[in-house]
Amino acid sequence: MQYRKFGQTGKDISALGFGAMRLPSQTVDGKTVYDEEESIRMIHRAVELGVNYIDTAPYYCDGQSEIIVGKALKGIRDQVMVSTKNPIEDDSGANAIKRLEKSLRQLDIEAIDFYHLWGIGWETYTEKIDKPDGPLEAVLKAKEQGLIRHLSFSFHDKPENMIKLVDTGHFESVLCQYNLLDRSNEEAIAHAHEKGLGVVIMGPVGGGRLGAPSDAIKKMLPGMASSAELAMRFVLANQSVSCALSGMSSMAMVEENAKVADNKQALSDDELKNIEISMAENKKMADLYCTGCNYCMPCPNEVNIPLNFELMNYHRVYGLTDHAKSQYAKIGEADGPSGKKADACVECGLCEPKCPQKIAIIKQLKETAAALG
Ligand code: SF4
Ligand code: SF4
């Protein structure tokens, strides 16, 4: 296992982190039941293979993740750093502490190593967090009391706002999105690293998109076992990155990811350049179809045109067909994205004149429905 300096925390972190957001489960009588024993075995195996960072959160796995991680920690607590998160629901410091206490109870530990203000952006920070008697004051006090060892934030906002959050000087690490398909945080990641923060990456394999087999992606670097390997090695080739989290749902994933994180041979400059060129070419192809500008919306029949085309591009441009199909199936479902699938188009023609790319939307939607439906 490779280890990297975790910012200025004085800790070394494994290049692979165990994300406990997709623990193995099965559906019984319409309900999701998590396989606690297998989850614990997987966490123990990951630790055996050198993983020393486990990331959980209160709502992961229907609220079961922290509890299962807590059980897995028995006997190995001193070998791992535990990360969990505070969902900032309001501007009350007292409420933030109640949530912290609940996490400590569920994990059954005395202190959280890396405590994240969860999924924040600059607006949430200024309007809810950095307030008199607000969550920031409360968690900094909890840190003084030893309930938290390091304060962190996880981030879903514009990259320039990540820089602002880093520059507040309150945080010791950041958890953010970065992968082959989405490199928008690259500069902000470099900035965080320069400022001494540890950088943990979520979604290194594109939220599963890059985990599906894809010849188009594998072609970029012949010899890689899978798109997931390429995706993970791409993230780890960035020296500003401390750790790549993978949400693991099977023992096979634990073994495969650990093997990739074990590979100390960084991608060469030529390999990185090759990836860059191929991705740029793919992107150009994708842009030809749809830029996601939304000008064609709203559709009177609620077809989510840009999303349907985005998924079609995953299939057509990147060869990520399994992922595209599974996401397509979720459009309009209770737990899925809003709007309707391509097959709901009634061919009224209102959208087409509004598209600056002059896309034959009706025809493309038909192709999308045929390919992904
Ligand atoms: S042509 Fe289809 S997608 Fe376009 S606005 Fe009409 S129903 Fe919606
Ligand atoms: S207007 Fe055209 S390019 Fe923009 S989202 Fe709609 S289909 Fe895509």
# chains A, B, ... in the order shown; residues from 1 in each chain; ligands from 1

$ select_by_dssp --residues "region 9-58 of chain A" --states "strand (DSSP E)" --output "VMD selection string"
chain A and resid 12 to 14 16 to 19 25 to 28 31 to 34 53 to 55

$ write_last_selection --atoms "N, CA, C and O atoms" --output "mmCIF file, in the first residue's frame"
data_model
loop_
_atom_site.group_PDB
_atom_site.id
_atom_site.type_symbol
_atom_site.label_atom_id
_atom_site.label_comp_id
_atom_site.auth_asym_id
_atom_site.auth_seq_id
_atom_site.Cartn_x
_atom_site.Cartn_y
_atom_site.Cartn_z
ATOM 1 N N ASP A 12 0.292 9.907 8.126
ATOM 2 C CA ASP A 12 0.428 9.327 6.788
ATOM 3 C C ASP A 12 -0.853 8.567 6.504
ATOM 4 O O ASP A 12 -1.344 7.812 7.355
ATOM 5 N N ILE A 13 -1.376 8.765 5.316
ATOM 6 C CA ILE A 13 -2.663 8.150 4.971
ATOM 7 C C ILE A 13 -2.459 7.176 3.810
ATOM 8 O O ILE A 13 -1.642 7.423 2.919
ATOM 9 N N SER A 14 -3.215 6.076 3.837
ATOM 10 C CA SER A 14 -3.125 5.116 2.731
ATOM 11 C C SER A 14 -3.732 5.744 1.475
ATOM 12 O O SER A 14 -4.708 6.509 1.565
ATOM 13 N N LEU A 16 -5.454 4.460 -0.668
ATOM 14 C CA LEU A 16 -6.839 4.000 -0.817
ATOM 15 C C LEU A 16 -7.563 4.163 0.512
ATOM 16 O O LEU A 16 -7.052 3.752 1.558
ATOM 17 N N GLY A 17 -8.742 4.791 0.457
ATOM 18 C CA GLY A 17 -9.568 4.900 1.654
ATOM 19 C C GLY A 17 -10.807 4.036 1.476
ATOM 20 O O GLY A 17 -11.284 3.843 0.352
ATOM 21 N N PHE A 18 -11.324 3.503 2.586
ATOM 22 C CA PHE A 18 -12.528 2.665 2.515
ATOM 23 C C PHE A 18 -13.753 3.561 2.659
ATOM 24 O O PHE A 18 -13.999 4.124 3.725
ATOM 25 N N GLY A 19 -14.518 3.691 1.579
ATOM 26 C CA GLY A 19 -15.763 4.453 1.641
ATOM 27 C C GLY A 19 -16.885 3.507 2.048
ATOM 28 O O GLY A 19 -17.153 2.534 1.347
ATOM 29 N N SER A 25 -25.545 -5.354 0.423
ATOM 30 C CA SER A 25 -26.920 -5.447 0.946
ATOM 31 C C SER A 25 -27.734 -6.322 0.014
ATOM 32 O O SER A 25 -27.317 -6.634 -1.097
ATOM 33 N N GLN A 26 -28.902 -6.706 0.486
ATOM 34 C CA GLN A 26 -29.850 -7.367 -0.402
ATOM 35 C C GLN A 26 -31.258 -6.898 -0.074
ATOM 36 O O GLN A 26 -31.494 -6.351 1.003
ATOM 37 N N THR A 27 -32.163 -7.084 -1.023
ATOM 38 C CA THR A 27 -33.535 -6.639 -0.787
ATOM 39 C C THR A 27 -34.356 -7.817 -0.268
ATOM 40 O O THR A 27 -34.408 -8.876 -0.888
ATOM 41 N N VAL A 28 -34.956 -7.618 0.904
ATOM 42 C CA VAL A 28 -35.802 -8.662 1.485
ATOM 43 C C VAL A 28 -37.175 -8.041 1.741
ATOM 44 O O VAL A 28 -37.274 -7.040 2.458
ATOM 45 N N LYS A 31 -37.382 -4.433 1.310
ATOM 46 C CA LYS A 31 -36.543 -3.590 2.171
ATOM 47 C C LYS A 31 -35.073 -3.923 1.952
ATOM 48 O O LYS A 31 -34.729 -5.083 1.716
ATOM 49 N N THR A 32 -34.208 -2.887 2.068
ATOM 50 C CA THR A 32 -32.772 -3.125 1.915
ATOM 51 C C THR A 32 -32.203 -3.593 3.249
ATOM 52 O O THR A 32 -32.370 -2.925 4.273
ATOM 53 N N VAL A 33 -31.581 -4.750 3.213
ATOM 54 C CA VAL A 33 -30.974 -5.283 4.442
ATOM 55 C C VAL A 33 -29.471 -5.351 4.221
ATOM 56 O O VAL A 33 -28.999 -5.954 3.255
ATOM 57 N N TYR A 34 -28.720 -4.704 5.116
ATOM 58 C CA TYR A 34 -27.261 -4.664 4.950
ATOM 59 C C TYR A 34 -26.622 -5.896 5.567
ATOM 60 O O TYR A 34 -27.043 -6.367 6.625
ATOM 61 N N TYR A 53 -7.805 4.508 6.469
ATOM 62 C CA TYR A 53 -8.758 5.613 6.515
ATOM 63 C C TYR A 53 -10.132 5.064 6.128
ATOM 64 O O TYR A 53 -10.294 4.496 5.044
ATOM 65 N N ILE A 54 -11.080 5.230 7.026
ATOM 66 C CA ILE A 54 -12.439 4.746 6.758
ATOM 67 C C ILE A 54 -13.389 5.931 6.810
ATOM 68 O O ILE A 54 -13.389 6.697 7.784
ATOM 69 N N ASP A 55 -14.172 6.066 5.768
ATOM 70 C CA ASP A 55 -15.066 7.217 5.672
ATOM 71 C C ASP A 55 -16.521 6.764 5.731
ATOM 72 O O ASP A 55 -16.956 5.911 4.963
#

$ residues_around --residues "Ile359 (chain A)" --least-positions-apart "6" --cutoff "12 Å" --atoms "only C-alpha atoms" --output "compact mmCIF listing (two decimals) with N, CA, C and O atoms, in the first residue's frame"
# COMPACT_ATOMS: atom_id res chain seq x y z
N ASP A 287 -19.46 16.96 -26.82
CA ASP A 287 -19.99 18.31 -26.96
C ASP A 287 -20.75 18.48 -28.26
O ASP A 287 -21.68 19.27 -28.35
N LEU A 288 -20.32 17.73 -29.28
CA LEU A 288 -21.03 17.81 -30.55
C LEU A 288 -22.50 17.47 -30.37
O LEU A 288 -23.36 17.99 -31.05
N TYR A 289 -22.74 16.53 -29.47
CA TYR A 289 -24.12 16.10 -29.29
C TYR A 289 -24.92 17.07 -28.41
O TYR A 289 -25.92 17.59 -28.81
N CYS A 290 -24.44 17.29 -27.22
CA CYS A 290 -25.23 18.13 -26.30
C CYS A 290 -24.30 18.72 -25.24
O CYS A 290 -23.53 18.00 -24.63
N THR A 291 -24.40 20.04 -25.05
CA THR A 291 -23.51 20.68 -24.06
C THR A 291 -24.18 20.79 -22.69
O THR A 291 -23.58 21.29 -21.75
N GLY A 292 -25.43 20.37 -22.60
CA GLY A 292 -26.15 20.46 -21.32
C GLY A 292 -26.54 21.89 -21.00
O GLY A 292 -26.75 22.23 -19.83
N TYR A 295 -31.01 25.20 -22.81
CA TYR A 295 -31.85 26.15 -23.54
C TYR A 295 -33.12 25.51 -24.09
O TYR A 295 -34.11 26.18 -24.30
N CYS A 296 -33.07 24.20 -24.33
CA CYS A 296 -34.24 23.52 -24.90
C CYS A 296 -35.35 23.31 -23.86
O CYS A 296 -36.45 22.94 -24.20
N ILE A 305 -34.37 16.55 -21.22
CA ILE A 305 -33.58 16.38 -22.46
C ILE A 305 -32.07 16.30 -22.18
O ILE A 305 -31.42 15.34 -22.59
N PRO A 306 -31.49 17.30 -21.46
CA PRO A 306 -30.03 17.24 -21.28
C PRO A 306 -29.57 15.98 -20.54
O PRO A 306 -28.54 15.41 -20.87
N PHE A 309 -29.51 13.02 -22.82
CA PHE A 309 -28.37 13.06 -23.75
C PHE A 309 -27.04 12.82 -23.02
O PHE A 309 -26.12 12.24 -23.58
N GLY A 349 -42.06 19.25 -31.06
CA GLY A 349 -41.09 20.05 -31.82
C GLY A 349 -40.73 21.39 -31.19
O GLY A 349 -39.95 22.16 -31.73
N CYS A 351 -38.83 22.13 -28.69
CA CYS A 351 -37.46 22.26 -28.19
C CYS A 351 -36.44 22.51 -29.29
O CYS A 351 -35.47 23.25 -29.08
N GLU A 352 -36.61 21.94 -30.43
CA GLU A 352 -35.53 21.93 -31.43
C GLU A 352 -35.05 23.31 -31.87
O GLU A 352 -33.85 23.55 -31.93
N PRO A 353 -35.95 24.29 -32.14
CA PRO A 353 -35.45 25.60 -32.57
C PRO A 353 -34.63 26.30 -31.48
O PRO A 353 -33.89 27.23 -31.77
N LEU A 365 -33.56 11.64 -29.25
CA LEU A 365 -34.27 11.05 -28.10
C LEU A 365 -34.75 9.64 -28.44
O LEU A 365 -34.71 8.74 -27.60

$ residues_around --residues "Val346 (chain A)" --least-positions-apart "5" --cutoff "10 Å" --atoms "only C-alpha atoms" --output "VMD selection string"
chain A and resid 300 to 301 303 362

$ write_last_selection --atoms "all heavy atoms" --output "short mmCIF file (atom, residue, chain, number, x, y, z; two decimals), in the first residue's frame"
data_model
loop_
_atom_site.label_atom_id
_atom_site.label_comp_id
_atom_site.auth_asym_id
_atom_site.auth_seq_id
_atom_site.Cartn_x
_atom_site.Cartn_y
_atom_site.Cartn_z
N PRO A 300 -42.68 20.72 -22.44
CA PRO A 300 -44.05 20.66 -21.89
C PRO A 300 -44.43 19.26 -21.43
O PRO A 300 -45.34 19.09 -20.62
CB PRO A 300 -44.93 21.12 -23.06
CG PRO A 300 -44.07 21.05 -24.28
CD PRO A 300 -42.65 21.14 -23.83
N ASN A 301 -43.71 18.28 -21.94
CA ASN A 301 -44.02 16.90 -21.53
C ASN A 301 -43.02 16.36 -20.50
O ASN A 301 -42.95 15.17 -20.24
CB ASN A 301 -44.06 15.99 -22.76
CG ASN A 301 -45.16 14.96 -22.63
OD1 ASN A 301 -46.20 15.26 -22.06
ND2 ASN A 301 -44.91 13.76 -23.11
N VAL A 303 -39.86 15.92 -20.47
CA VAL A 303 -38.69 15.10 -20.80
C VAL A 303 -37.45 15.86 -20.33
O VAL A 303 -37.31 17.06 -20.61
CB VAL A 303 -38.59 14.87 -22.33
CG1 VAL A 303 -37.32 14.10 -22.67
CG2 VAL A 303 -39.81 14.12 -22.83
N ILE A 362 -35.56 15.34 -31.42
CA ILE A 362 -36.57 14.27 -31.46
C ILE A 362 -35.93 12.95 -31.90
O ILE A 362 -36.12 11.91 -31.28
CB ILE A 362 -37.74 14.67 -32.40
CG1 ILE A 362 -38.44 15.91 -31.82
CG2 ILE A 362 -38.72 13.52 -32.58
CD1 ILE A 362 -39.49 16.53 -32.73
#

$ atom_distance --atom1 "CA of Gly134 (chain A)" --atom2 "CA of Ala20 (chain A)"
28.4 Å

$ residues_around --residues "Glu137 (chain A)" --least-positions-apart "5" --cutoff "10 Å" --atoms "only C-alpha atoms" --output "number ranges by chain"
A: 92-94, 96, 129-132, 142-143

$ atom_distance --atom1 "CA of Gly169 (chain A)" --atom2 "CA of Asp113 (chain A)"
18.1 Å

$ residues_around --residues "region 190-199 of chain A" --least-positions-apart "5" --cutoff "6 Å" --atoms "only C-alpha atoms" --output "compact mmCIF listing (two decimals) with C-alpha atoms, in the first residue's frame"
# COMPACT_ATOMS: atom_id res chain seq x y z
CA PHE A 6 -1.91 13.82 4.95
CA GLY A 7 -1.47 17.59 4.63
CA GLN A 8 -0.01 19.06 7.79
CA GLU A 172 -7.13 20.50 7.87
CA SER A 173 -8.45 18.35 5.06
CA VAL A 174 -10.98 18.45 2.27
CA SER A 240 -1.77 16.94 -4.54
CA VAL A 241 -4.11 14.05 -3.76
CA SER A 242 -3.57 12.28 -0.44

$ select_by_dssp --residues "region 1-98 of chain A" --states "alpha helix (DSSP H)" --output "count of residues only"
28

$ atom_distance --atom1 "CA of Ile361 (chain A)" --atom2 "atom 3 (S, counted along the ligand's line) of ligand 1"
6.8 Å

$ closest_residue --among "A:Ile109, A:Cys355, A:Leu73, A:Val260" --to "Met1 (chain A)" --atoms "only C-alpha atoms"
A:Val260

$ closest_residue --among "A:Glu89, A:Leu245, A:Thr368, A:Leu165" --to "Arg22 (chain A)" --atoms "only C-alpha atoms"
A:Leu245

$ closest_residue --among "A:Val82, A:Leu307, A:Ala46, A:Cys348" --to "ligand 2" --atoms "only C-alpha atoms and all ligand atoms"
A:Leu307

$ closest_residue --among "A:Gln145, A:Thr321, A:Ser103, A:Asn313" --to "ligand 2" --atoms "only C-alpha atoms and all ligand atoms"
A:Asn313

$ decode --residues "region 326-361 of chain A" --atoms "N, CA, C and O atoms" --output "PDB file, in the first residue's frame"
ATOM      1  N   SER A 326     -28.379   1.928 -16.259  1.00  0.00           N
ATOM      2  CA  SER A 326     -28.922   1.895 -14.893  1.00  0.00           C
ATOM      3  C   SER A 326     -29.380   3.290 -14.468  1.00  0.00           C
ATOM      4  O   SER A 326     -30.387   3.441 -13.781  1.00  0.00           O
ATOM      5  N   GLN A 327     -28.663   4.336 -14.906  1.00  0.00           N
ATOM      6  CA  GLN A 327     -29.078   5.692 -14.550  1.00  0.00           C
ATOM      7  C   GLN A 327     -30.339   6.090 -15.325  1.00  0.00           C
ATOM      8  O   GLN A 327     -31.206   6.773 -14.797  1.00  0.00           O
ATOM      9  N   TYR A 328     -30.442   5.647 -16.553  1.00  0.00           N
ATOM     10  CA  TYR A 328     -31.614   5.947 -17.375  1.00  0.00           C
ATOM     11  C   TYR A 328     -32.870   5.370 -16.706  1.00  0.00           C
ATOM     12  O   TYR A 328     -33.911   6.025 -16.630  1.00  0.00           O
ATOM     13  N   ALA A 329     -32.712   4.155 -16.184  1.00  0.00           N
ATOM     14  CA  ALA A 329     -33.861   3.499 -15.544  1.00  0.00           C
ATOM     15  C   ALA A 329     -34.366   4.299 -14.340  1.00  0.00           C
ATOM     16  O   ALA A 329     -35.538   4.224 -13.974  1.00  0.00           O
ATOM     17  N   LYS A 330     -33.481   5.103 -13.755  1.00  0.00           N
ATOM     18  CA  LYS A 330     -33.880   5.848 -12.538  1.00  0.00           C
ATOM     19  C   LYS A 330     -34.564   7.175 -12.825  1.00  0.00           C
ATOM     20  O   LYS A 330     -35.142   7.777 -11.918  1.00  0.00           O
ATOM     21  N   ILE A 331     -34.479   7.660 -14.071  1.00  0.00           N
ATOM     22  CA  ILE A 331     -35.071   8.985 -14.365  1.00  0.00           C
ATOM     23  C   ILE A 331     -36.567   8.956 -14.041  1.00  0.00           C
ATOM     24  O   ILE A 331     -37.290   8.066 -14.482  1.00  0.00           O
ATOM     25  N   GLY A 332     -36.983   9.929 -13.247  1.00  0.00           N
ATOM     26  CA  GLY A 332     -38.401  10.050 -12.912  1.00  0.00           C
ATOM     27  C   GLY A 332     -38.846   9.143 -11.776  1.00  0.00           C
ATOM     28  O   GLY A 332     -39.977   9.241 -11.307  1.00  0.00           O
ATOM     29  N   GLU A 333     -37.954   8.258 -11.294  1.00  0.00           N
ATOM     30  CA  GLU A 333     -38.316   7.400 -10.154  1.00  0.00           C
ATOM     31  C   GLU A 333     -38.213   8.227  -8.869  1.00  0.00           C
ATOM     32  O   GLU A 333     -37.559   9.286  -8.856  1.00  0.00           O
ATOM     33  N   ALA A 334     -38.810   7.727  -7.777  1.00  0.00           N
ATOM     34  CA  ALA A 334     -38.850   8.492  -6.523  1.00  0.00           C
ATOM     35  C   ALA A 334     -37.439   8.885  -6.060  1.00  0.00           C
ATOM     36  O   ALA A 334     -37.222  10.004  -5.584  1.00  0.00           O
ATOM     37  N   ASP A 335     -36.480   7.966  -6.197  1.00  0.00           N
ATOM     38  CA  ASP A 335     -35.131   8.284  -5.708  1.00  0.00           C
ATOM     39  C   ASP A 335     -34.186   8.690  -6.840  1.00  0.00           C
ATOM     40  O   ASP A 335     -32.977   8.729  -6.680  1.00  0.00           O
ATOM     41  N   GLY A 336     -34.758   8.987  -7.995  1.00  0.00           N
ATOM     42  CA  GLY A 336     -33.917   9.325  -9.148  1.00  0.00           C
ATOM     43  C   GLY A 336     -34.062  10.779  -9.551  1.00  0.00           C
ATOM     44  O   GLY A 336     -34.783  11.548  -8.911  1.00  0.00           O
ATOM     45  N   PRO A 337     -33.383  11.178 -10.604  1.00  0.00           N
ATOM     46  CA  PRO A 337     -33.473  12.557 -11.074  1.00  0.00           C
ATOM     47  C   PRO A 337     -34.853  12.887 -11.630  1.00  0.00           C
ATOM     48  O   PRO A 337     -35.581  11.992 -12.063  1.00  0.00           O
ATOM     49  N   SER A 338     -35.201  14.181 -11.589  1.00  0.00           N
ATOM     50  CA  SER A 338     -36.548  14.583 -11.989  1.00  0.00           C
ATOM     51  C   SER A 338     -36.711  14.564 -13.514  1.00  0.00           C
ATOM     52  O   SER A 338     -35.733  14.479 -14.259  1.00  0.00           O
ATOM     53  N   GLY A 339     -37.940  14.669 -13.950  1.00  0.00           N
ATOM     54  CA  GLY A 339     -38.238  14.693 -15.380  1.00  0.00           C
ATOM     55  C   GLY A 339     -38.559  13.304 -15.893  1.00  0.00           C
ATOM     56  O   GLY A 339     -38.739  12.373 -15.111  1.00  0.00           O
ATOM     57  N   LYS A 340     -38.658  13.236 -17.232  1.00  0.00           N
ATOM     58  CA  LYS A 340     -39.052  11.945 -17.816  1.00  0.00           C
ATOM     59  C   LYS A 340     -37.989  11.426 -18.770  1.00  0.00           C
ATOM     60  O   LYS A 340     -37.146  12.172 -19.269  1.00  0.00           O
ATOM     61  N   LYS A 341     -38.099  10.147 -19.035  1.00  0.00           N
ATOM     62  CA  LYS A 341     -37.175   9.487 -19.957  1.00  0.00           C
ATOM     63  C   LYS A 341     -37.458   9.902 -21.402  1.00  0.00           C
ATOM     64  O   LYS A 341     -38.544  10.425 -21.708  1.00  0.00           O
ATOM     65  N   ALA A 342     -36.497   9.595 -22.282  1.00  0.00           N
ATOM     66  CA  ALA A 342     -36.599   9.973 -23.692  1.00  0.00           C
ATOM     67  C   ALA A 342     -37.890   9.479 -24.337  1.00  0.00           C
ATOM     68  O   ALA A 342     -38.468  10.147 -25.209  1.00  0.00           O
ATOM     69  N   ASP A 343     -38.376   8.309 -23.900  1.00  0.00           N
ATOM     70  CA  ASP A 343     -39.546   7.742 -24.575  1.00  0.00           C
ATOM     71  C   ASP A 343     -40.837   8.501 -24.280  1.00  0.00           C
ATOM     72  O   ASP A 343     -41.891   8.189 -24.833  1.00  0.00           O
ATOM     73  N   ALA A 344     -40.768   9.542 -23.396  1.00  0.00           N
ATOM     74  CA  ALA A 344     -41.976  10.332 -23.114  1.00  0.00           C
ATOM     75  C   ALA A 344     -42.141  11.483 -24.114  1.00  0.00           C
ATOM     76  O   ALA A 344     -43.117  12.238 -24.044  1.00  0.00           O
ATOM     77  N   CYS A 345     -41.216  11.622 -25.046  1.00  0.00           N
ATOM     78  CA  CYS A 345     -41.304  12.703 -26.040  1.00  0.00           C
ATOM     79  C   CYS A 345     -42.494  12.449 -26.972  1.00  0.00           C
ATOM     80  O   CYS A 345     -42.641  11.356 -27.520  1.00  0.00           O
ATOM     81  N   VAL A 346     -43.351  13.501 -27.139  1.00  0.00           N
ATOM     82  CA  VAL A 346     -44.516  13.352 -28.022  1.00  0.00           C
ATOM     83  C   VAL A 346     -44.290  14.064 -29.359  1.00  0.00           C
ATOM     84  O   VAL A 346     -45.227  14.272 -30.122  1.00  0.00           O
ATOM     85  N   GLU A 347     -43.054  14.460 -29.594  1.00  0.00           N
ATOM     86  CA  GLU A 347     -42.638  15.042 -30.872  1.00  0.00           C
ATOM     87  C   GLU A 347     -43.360  16.349 -31.197  1.00  0.00           C
ATOM     88  O   GLU A 347     -43.693  16.613 -32.352  1.00  0.00           O
ATOM     89  N   CYS A 348     -43.609  17.174 -30.197  1.00  0.00           N
ATOM     90  CA  CYS A 348     -44.286  18.451 -30.448  1.00  0.00           C
ATOM     91  C   CYS A 348     -43.364  19.420 -31.184  1.00  0.00           C
ATOM     92  O   CYS A 348     -43.821  20.366 -31.810  1.00  0.00           O
ATOM     93  N   GLY A 349     -42.059  19.251 -31.060  1.00  0.00           N
ATOM     94  CA  GLY A 349     -41.094  20.053 -31.817  1.00  0.00           C
ATOM     95  C   GLY A 349     -40.728  21.388 -31.186  1.00  0.00           C
ATOM     96  O   GLY A 349     -39.947  22.157 -31.735  1.00  0.00           O
ATOM     97  N   LEU A 350     -41.271  21.704 -29.977  1.00  0.00           N
ATOM     98  CA  LEU A 350     -40.988  23.002 -29.347  1.00  0.00           C
ATOM     99  C   LEU A 350     -39.515  23.207 -29.013  1.00  0.00           C
ATOM    100  O   LEU A 350     -39.012  24.314 -29.029  1.00  0.00           O
ATOM    101  N   CYS A 351     -38.829  22.129 -28.686  1.00  0.00           N
ATOM    102  CA  CYS A 351     -37.458  22.256 -28.191  1.00  0.00           C
ATOM    103  C   CYS A 351     -36.437  22.515 -29.293  1.00  0.00           C
ATOM    104  O   CYS A 351     -35.466  23.250 -29.085  1.00  0.00           O
ATOM    105  N   GLU A 352     -36.606  21.936 -30.433  1.00  0.00           N
ATOM    106  CA  GLU A 352     -35.528  21.927 -31.434  1.00  0.00           C
ATOM    107  C   GLU A 352     -35.051  23.313 -31.865  1.00  0.00           C
ATOM    108  O   GLU A 352     -33.847  23.547 -31.933  1.00  0.00           O
ATOM    109  N   PRO A 353     -35.954  24.286 -32.138  1.00  0.00           N
ATOM    110  CA  PRO A 353     -35.446  25.604 -32.567  1.00  0.00           C
ATOM    111  C   PRO A 353     -34.629  26.301 -31.478  1.00  0.00           C
ATOM    112  O   PRO A 353     -33.888  27.229 -31.766  1.00  0.00           O
ATOM    113  N   LYS A 354     -34.761  25.858 -30.223  1.00  0.00           N
ATOM    114  CA  LYS A 354     -34.052  26.539 -29.124  1.00  0.00           C
ATOM    115  C   LYS A 354     -32.634  26.010 -28.919  1.00  0.00           C
ATOM    116  O   LYS A 354     -31.882  26.528 -28.122  1.00  0.00           O
ATOM    117  N   CYS A 355     -32.270  24.943 -29.633  1.00  0.00           N
ATOM    118  CA  CYS A 355     -30.970  24.313 -29.369  1.00  0.00           C
ATOM    119  C   CYS A 355     -29.852  24.964 -30.193  1.00  0.00           C
ATOM    120  O   CYS A 355     -29.856  24.883 -31.421  1.00  0.00           O
ATOM    121  N   PRO A 356     -28.870  25.610 -29.522  1.00  0.00           N
ATOM    122  CA  PRO A 356     -27.796  26.270 -30.273  1.00  0.00           C
ATOM    123  C   PRO A 356     -26.907  25.267 -31.021  1.00  0.00           C
ATOM    124  O   PRO A 356     -26.224  25.646 -31.969  1.00  0.00           O
ATOM    125  N   GLN A 357     -26.932  24.011 -30.615  1.00  0.00           N
ATOM    126  CA  GLN A 357     -26.123  22.993 -31.278  1.00  0.00           C
ATOM    127  C   GLN A 357     -26.845  22.395 -32.498  1.00  0.00           C
ATOM    128  O   GLN A 357     -26.324  21.500 -33.143  1.00  0.00           O
ATOM    129  N   LYS A 358     -28.054  22.888 -32.704  1.00  0.00           N
ATOM    130  CA  LYS A 358     -28.885  22.396 -33.819  1.00  0.00           C
ATOM    131  C   LYS A 358     -29.038  20.869 -33.788  1.00  0.00           C
ATOM    132  O   LYS A 358     -28.969  20.190 -34.832  1.00  0.00           O
ATOM    133  N   ILE A 359     -29.210  20.359 -32.601  1.00  0.00           N
ATOM    134  CA  ILE A 359     -29.367  18.911 -32.460  1.00  0.00           C
ATOM    135  C   ILE A 359     -30.773  18.505 -32.899  1.00  0.00           C
ATOM    136  O   ILE A 359     -31.760  19.186 -32.574  1.00  0.00           O
ATOM    137  N   ALA A 360     -30.835  17.411 -33.633  1.00  0.00           N
ATOM    138  CA  ALA A 360     -32.145  16.862 -34.011  1.00  0.00           C
ATOM    139  C   ALA A 360     -32.667  16.130 -32.773  1.00  0.00           C
ATOM    140  O   ALA A 360     -32.530  14.909 -32.631  1.00  0.00           O
ATOM    141  N   ILE A 361     -33.234  16.918 -31.853  1.00  0.00           N
ATOM    142  CA  ILE A 361     -33.555  16.391 -30.516  1.00  0.00           C
ATOM    143  C   ILE A 361     -34.523  15.200 -30.592  1.00  0.00           C
ATOM    144  O   ILE A 361     -34.309  14.175 -29.936  1.00  0.00           O
TER     145      ILE A 361
END
